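Student: Sharing a structure, written as structure tokens. Questions coming.
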Amino acid sequence: MPTLNAAELGYAFTLKPEEAIQYFESKGYVIGFNWHDVEADAHARAFTVAGVMKLDVLEDIETALNESLKNGETYEEFKKNLLPTLEQKGWIGKGLVSDPETGELQGKQLTPRRLKTIFDTNNATNYNAGRYVQQMGDVANRPYWERVEVMDNRTRASCTAVHGFTARYDDPVWNFLYPPGGFGCRGRVRARSEADVTQYNLTVQSSDDRLVEVEQPYGNTTIQSTGLRLTSNKVYVPDPGFGFNPGKVAWQPNLEKYDYQPARQYVSRSLAGPDFARGLNNVSSLAPQQQYPVGVLSPEQMKVTGMQQQTVTVAAPQMQQFAAQDMTRADYIWVQSVIDEPDQVISTGTDVKFYRKNGNQWDVATVINNLLMDFTRVNSPEPGK
């Protein structure tokens with residue numbers, strides 16, 4: 001699997017460029033019961049299908065989407081090739097009762113309408129991720145970005161409200177205003193030059209003092225999302241589960257939602273994958289809040305250690321310290337083995353040390369509040385307390 005970089009990002013599904021195919025194939029995928037079970041970042045780098053639990057069905061959908069990109073198929077061709085397989089496996093039924101408003105079949109099964117949503121959303125994400133990289137490469141000539149909507153009878157009022165919004169490319173508003181802003185979003189961003197601003201009489205705005213935090217329903221709970229205040233009583237907020245820039249984020253799913261065995265497999269794939277490699281290569285510029293999973297505890301380990309969450313992650317600041325110690329990706333992969341299959345575990349109440357024998361010495365991973373804080377080699381384990 002090639003390392004994801006700017007040249008590999010896709011620009012448009014209909015043009016079927018090699019970059020779009022490479023971008024799609026470089027995605028990992030996460031099984032989720034509903035869209036809100038996976039954090040927003042997963043939409044950009046992970047292949048997530050709401051309502052699909054079985055891995056073989058997910059692989060069928062991924063394979064079909066991959067082939068559709070390579071062959072330049074229409075949605076109808078994509079659906080025609082995939083639906084028989086999903087029907088055979090019981091994920092789509094004939095003659096089932098559906099909700100007239102949403103098209104949902106009774107039970108947790110796919111419908112042609114949901115299938116089209118998956119198809120369109122993945123294509124929109126690929127397209128806009130490629131557009132972002134393309135536009136960032138030309139900011140010296142076109143430093144202003146304009147949000148553009150289709151503006152037909154299907155355009156939502158919230159999208160209409162930001163149609164024509166123009167700001168500099170480095171305005172933080174693009175961290176969430178860059179499309180897609182929801183399922184079925186057809187918005188895009190047009191790069192503008194100084195001459196364009198004058199010629200088209202565009203108003204360049206700023207998000208200074210206009211960014212607000214908004215509570216949004218998120219499954220059975222609520223989350224805080226960032227929005228742009230448009231008027232005294234109107235705020236634009238992307239749909240829950242979006243609100244991220246598909247060209248910038250380094251996705252990480254919430255592995256607490258999954259059984260520890262699949263979660264462990266995901267971590268193995270993630271550490272060996274292109275996104276983690278890119279994080280290591282650019283560790284000095286990672287956002288402080290960036291985290292990557294490096295291990296998953298079994299239920300038995302959680303009982304022994306008293307830890308409340310199964311996922312162990314490493315945060316960007318600690319990764320930067322590890323980089324100064326010449327820690328490599330192979331070391332991180334070994335960290336997972338130390339945490340997942342330790343020879344000894346010692347918990348002091350404030351931290352947990354995972355030990356694994358390595359020749360005549362011991363490798364120890366120190367975890368505090370589910371964060372990897374240290375990884376060293378010692379002559380013998382500390383006495384337990």
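We label chains A, B, ... in the order they appear in the structure tokens, count residues from 1 in each chain, and number ligands from 1 in the order shown.
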Which residues are close to segment 265-272 of chain A, i.e. within 9 Å by only C-alpha atoms, leaving aside same-chain residues fewer than 5 positions away? Reply as a list in words.
Tutor: Gly28, Tyr29, Val30, Leu255, Tyr260, Ala277, Tyr292, Pro293, Val294, Gly295, Val296, Arg329, Ala330, Tyr332, Ile333 and Gln336 of chain A
Student: Please identify all polymer residues within 9 Å of Thr366 of chain A, counting only C-alpha atoms, omitting same-chain residues fewer than 6 positions from it, and present them as a list in words.
Tutor: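 What passes the distance filter is Asp351, Val352, Lys353, Phe354, Tyr355, Leu372, Met373, Asp374, Phe375 and Thr376 of chain A.
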Student: List every residue of segment 278-370 of chain A that DSSP, applied to the backbone, labels as strand (DSSP E), and write the result as a PDB file with N, CA and C atoms, in the first residue's frame.
Tutor:
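Contents of the output file result_39.pdb:
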```pdb
ATOM      1  N   GLN A 291      -3.559  12.308  18.183  1.00  0.00           N
ATOM      2  CA  GLN A 291      -3.214  11.081  18.887  1.00  0.00           C
ATOM      3  C   GLN A 291      -3.330   9.897  17.938  1.00  0.00           C
ATOM      4  N   TYR A 292      -2.564   8.844  18.224  1.00  0.00           N
ATOM      5  CA  TYR A 292      -2.636   7.598  17.471  1.00  0.00           C
ATOM      6  C   TYR A 292      -2.750   6.438  18.459  1.00  0.00           C
ATOM      7  N   PRO A 293      -3.566   5.439  18.166  1.00  0.00           N
ATOM      8  CA  PRO A 293      -3.655   4.278  19.055  1.00  0.00           C
ATOM      9  C   PRO A 293      -2.425   3.399  18.905  1.00  0.00           C
ATOM     10  N   VAL A 294      -1.915   2.890  20.028  1.00  0.00           N
ATOM     11  CA  VAL A 294      -0.733   2.022  19.989  1.00  0.00           C
ATOM     12  C   VAL A 294      -0.961   0.696  20.694  1.00  0.00           C
ATOM     13  N   GLY A 295      -2.111   0.514  21.303  1.00  0.00           N
ATOM     14  CA  GLY A 295      -2.382  -0.745  21.986  1.00  0.00           C
ATOM     15  C   GLY A 295      -3.810  -0.812  22.468  1.00  0.00           C
ATOM     16  N   VAL A 296      -4.286  -2.038  22.677  1.00  0.00           N
ATOM     17  CA  VAL A 296      -5.647  -2.258  23.167  1.00  0.00           C
ATOM     18  C   VAL A 296      -5.597  -3.322  24.259  1.00  0.00           C
ATOM     19  N   THR A 311      -8.249   1.455  25.131  1.00  0.00           N
ATOM     20  CA  THR A 311      -7.318   1.949  24.120  1.00  0.00           C
ATOM     21  C   THR A 311      -6.183   2.755  24.742  1.00  0.00           C
ATOM     22  N   VAL A 312      -4.958   2.428  24.361  1.00  0.00           N
ATOM     23  CA  VAL A 312      -3.780   3.205  24.749  1.00  0.00           C
ATOM     24  C   VAL A 312      -3.334   3.997  23.525  1.00  0.00           C
ATOM     25  N   THR A 313      -3.163   5.295  23.694  1.00  0.00           N
ATOM     26  CA  THR A 313      -2.770   6.150  22.578  1.00  0.00           C
ATOM     27  C   THR A 313      -1.475   6.886  22.898  1.00  0.00           C
ATOM     28  N   VAL A 314      -0.858   7.409  21.857  1.00  0.00           N
ATOM     29  CA  VAL A 314       0.299   8.279  22.027  1.00  0.00           C
ATOM     30  C   VAL A 314      -0.056   9.624  21.419  1.00  0.00           C
ATOM     31  N   ALA A 315       0.218  10.695  22.158  1.00  0.00           N
ATOM     32  CA  ALA A 315      -0.117  12.048  21.716  1.00  0.00           C
ATOM     33  C   ALA A 315       1.090  12.696  21.048  1.00  0.00           C
ATOM     34  N   GLN A 344       4.595  -9.192  32.176  1.00  0.00           N
ATOM     35  CA  GLN A 344       4.308  -8.735  33.532  1.00  0.00           C
ATOM     36  C   GLN A 344       3.693  -7.342  33.470  1.00  0.00           C
ATOM     37  N   VAL A 345       2.742  -7.080  34.367  1.00  0.00           N
ATOM     38  CA  VAL A 345       2.096  -5.769  34.451  1.00  0.00           C
ATOM     39  C   VAL A 345       2.158  -5.305  35.892  1.00  0.00           C
ATOM     40  N   ILE A 346       2.625  -4.082  36.096  1.00  0.00           N
ATOM     41  CA  ILE A 346       2.709  -3.510  37.438  1.00  0.00           C
ATOM     42  C   ILE A 346       1.957  -2.188  37.447  1.00  0.00           C
ATOM     43  N   SER A 347       0.969  -2.089  38.325  1.00  0.00           N
ATOM     44  CA  SER A 347       0.168  -0.871  38.444  1.00  0.00           C
ATOM     45  C   SER A 347       0.428  -0.223  39.786  1.00  0.00           C
ATOM     46  N   VAL A 352       0.665   2.671  34.892  1.00  0.00           N
ATOM     47  CA  VAL A 352       0.716   1.230  34.651  1.00  0.00           C
ATOM     48  C   VAL A 352       1.925   0.952  33.773  1.00  0.00           C
ATOM     49  N   LYS A 353       2.732  -0.026  34.198  1.00  0.00           N
ATOM     50  CA  LYS A 353       3.911  -0.399  33.432  1.00  0.00           C
ATOM     51  C   LYS A 353       3.710  -1.802  32.857  1.00  0.00           C
ATOM     52  N   PHE A 354       3.895  -1.906  31.545  1.00  0.00           N
ATOM     53  CA  PHE A 354       3.775  -3.177  30.841  1.00  0.00           C
ATOM     54  C   PHE A 354       5.186  -3.646  30.481  1.00  0.00           C
ATOM     55  N   TYR A 355       5.553  -4.846  30.954  1.00  0.00           N
ATOM     56  CA  TYR A 355       6.894  -5.381  30.725  1.00  0.00           C
ATOM     57  C   TYR A 355       6.835  -6.578  29.777  1.00  0.00           C
ATOM     58  N   ARG A 356       7.816  -6.641  28.888  1.00  0.00           N
ATOM     59  CA  ARG A 356       7.957  -7.807  28.029  1.00  0.00           C
ATOM     60  C   ARG A 356       9.436  -8.145  27.894  1.00  0.00           C
ATOM     61  N   LYS A 357       9.731  -9.432  28.056  1.00  0.00           N
ATOM     62  CA  LYS A 357      11.126  -9.894  28.008  1.00  0.00           C
ATOM     63  C   LYS A 357      11.681  -9.712  26.596  1.00  0.00           C
ATOM     64  N   ASN A 358      12.910  -9.211  26.538  1.00  0.00           N
ATOM     65  CA  ASN A 358      13.595  -9.017  25.261  1.00  0.00           C
ATOM     66  C   ASN A 358      15.046  -9.425  25.466  1.00  0.00           C
ATOM     67  N   GLN A 361      17.039  -8.585  28.791  1.00  0.00           N
ATOM     68  CA  GLN A 361      16.489  -7.372  29.381  1.00  0.00           C
ATOM     69  C   GLN A 361      14.976  -7.340  29.214  1.00  0.00           C
ATOM     70  N   TRP A 362      14.391  -6.239  29.700  1.00  0.00           N
ATOM     71  CA  TRP A 362      12.942  -6.080  29.638  1.00  0.00           C
ATOM     72  C   TRP A 362      12.608  -4.744  28.979  1.00  0.00           C
ATOM     73  N   ASP A 363      11.675  -4.768  28.061  1.00  0.00           N
ATOM     74  CA  ASP A 363      11.143  -3.528  27.500  1.00  0.00           C
ATOM     75  C   ASP A 363       9.904  -3.148  28.290  1.00  0.00           C
ATOM     76  N   VAL A 364       9.814  -1.870  28.653  1.00  0.00           N
ATOM     77  CA  VAL A 364       8.708  -1.429  29.501  1.00  0.00           C
ATOM     78  C   VAL A 364       8.015  -0.220  28.877  1.00  0.00           C
ATOM     79  N   ALA A 365       6.697  -0.331  28.769  1.00  0.00           N
ATOM     80  CA  ALA A 365       5.861   0.773  28.285  1.00  0.00           C
ATOM     81  C   ALA A 365       5.103   1.344  29.470  1.00  0.00           C
ATOM     82  N   THR A 366       5.296   2.625  29.732  1.00  0.00           N
ATOM     83  CA  THR A 366       4.621   3.285  30.850  1.00  0.00           C
ATOM     84  C   THR A 366       3.407   4.038  30.337  1.00  0.00           C
ATOM     85  N   VAL A 367       2.253   3.731  30.918  1.00  0.00           N
ATOM     86  CA  VAL A 367       0.987   4.320  30.486  1.00  0.00           C
ATOM     87  C   VAL A 367       0.357   5.071  31.649  1.00  0.00           C
ATOM     88  N   ILE A 368      -0.001   6.317  31.416  1.00  0.00           N
ATOM     89  CA  ILE A 368      -0.679   7.143  32.419  1.00  0.00           C
ATOM     90  C   ILE A 368      -1.942   7.707  31.787  1.00  0.00           C
TER      91      ILE A 368
END
```
Student: Rank A:Leu65, A:Gly349, A:Gly359, A:Leu280 by their smallest atom-to-atom distance to Asn123 of chain A, using only C-alpha atoms, and report the top residue only.
Tutor: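 Counting only C-alpha atoms, the residue closest to Asn123 of chain A is A:Leu65.
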Student: Can you pull out every residue from segment 188-340 of chain A that DSSP, working from the backbone, puts in alpha helix (DSSP H), and format the result as number ranges by chain?
Tutor: A: 194-199, 260-271, 274-281, 299-305, 316-324, 329-340
Student: Within 9 Å of Leu297 of chain A, counting only C-alpha atoms, which residues show up once you throw out same-chain ones fewer than 5 positions away? Write them as a PyMOL selection string, please.
Tutor: chain A and resi 260+264+302+307+309-312+339-340
Student: Measure the distance from atom CA of Ala157 of chain A to atom CA of Pro240 of chain A in Å and round it to one decimal.
Tutor: 16.4 Å
Student: Looking at only C-alpha atoms, which of A:Asp60, A:Asp196, A:Glu67, A:Asp259 is the one that sits closest to Thr85 of chain A?
Tutor: A:Asp60
Student: Using only C-alpha atoms, which residue out of A:Asn369, A:Asn281, A:Ser206, A:Thr125 lies closest to Met327 of chain A?
Tutor: A:Asn281
Student: Arg188 of chain A: which residues within 7 Å, counting only C-alpha atoms, same-chain residues fewer than 2 positions away excluded, as a ChimeraX atom specification?
Tutor: /A:147-149,179,186,190
Student: Could you write out the selected residues, including N, CA and C atoms, as a PDB file, in the first residue's frame?
Tutor:
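File written: result_11.pdb
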```pdb
ATOM      1  N   ARG A 147     -16.692  29.609  -0.707  1.00  0.00           N
ATOM      2  CA  ARG A 147     -17.581  28.445  -0.591  1.00  0.00           C
ATOM      3  C   ARG A 147     -18.697  28.585  -1.630  1.00  0.00           C
ATOM      4  N   VAL A 148     -18.895  27.551  -2.433  1.00  0.00           N
ATOM      5  CA  VAL A 148     -19.856  27.592  -3.531  1.00  0.00           C
ATOM      6  C   VAL A 148     -20.834  26.432  -3.405  1.00  0.00           C
ATOM      7  N   GLU A 149     -22.128  26.732  -3.536  1.00  0.00           N
ATOM      8  CA  GLU A 149     -23.169  25.706  -3.487  1.00  0.00           C
ATOM      9  C   GLU A 149     -23.843  25.579  -4.850  1.00  0.00           C
ATOM     10  N   PRO A 179     -15.928  21.674   2.479  1.00  0.00           N
ATOM     11  CA  PRO A 179     -16.862  20.552   2.278  1.00  0.00           C
ATOM     12  C   PRO A 179     -16.136  19.197   2.323  1.00  0.00           C
ATOM     13  N   ARG A 186     -23.052  18.816  -1.614  1.00  0.00           N
ATOM     14  CA  ARG A 186     -22.550  19.060  -2.967  1.00  0.00           C
ATOM     15  C   ARG A 186     -21.737  20.345  -3.050  1.00  0.00           C
ATOM     16  N   ARG A 190     -13.974  27.376  -4.246  1.00  0.00           N
ATOM     17  CA  ARG A 190     -13.337  27.946  -5.433  1.00  0.00           C
ATOM     18  C   ARG A 190     -12.224  28.886  -4.977  1.00  0.00           C
TER      19      ARG A 190
END
```
Student: Between atom CA of Glu146 of chain A and atom CA of Gly164 of chain A, what is the distance in Å, rounded to a tenth?
Tutor: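 So the answer is 5.7 Å.
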Student: Show me, as a list in words, the residues that have an atom within 12 Å of Asp171 of chain A when counting only C-alpha atoms, minus same-chain residues fewer than 5 positions from it.
Tutor: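 In the requested form, the answer reads Pro143, Tyr144, Trp145, Glu146, Thr166, Phe176, Leu177, Tyr178, Val204, Gln205, Ser206, Ser207, Asp208, Arg210, Leu211 and Leu228 of chain A.
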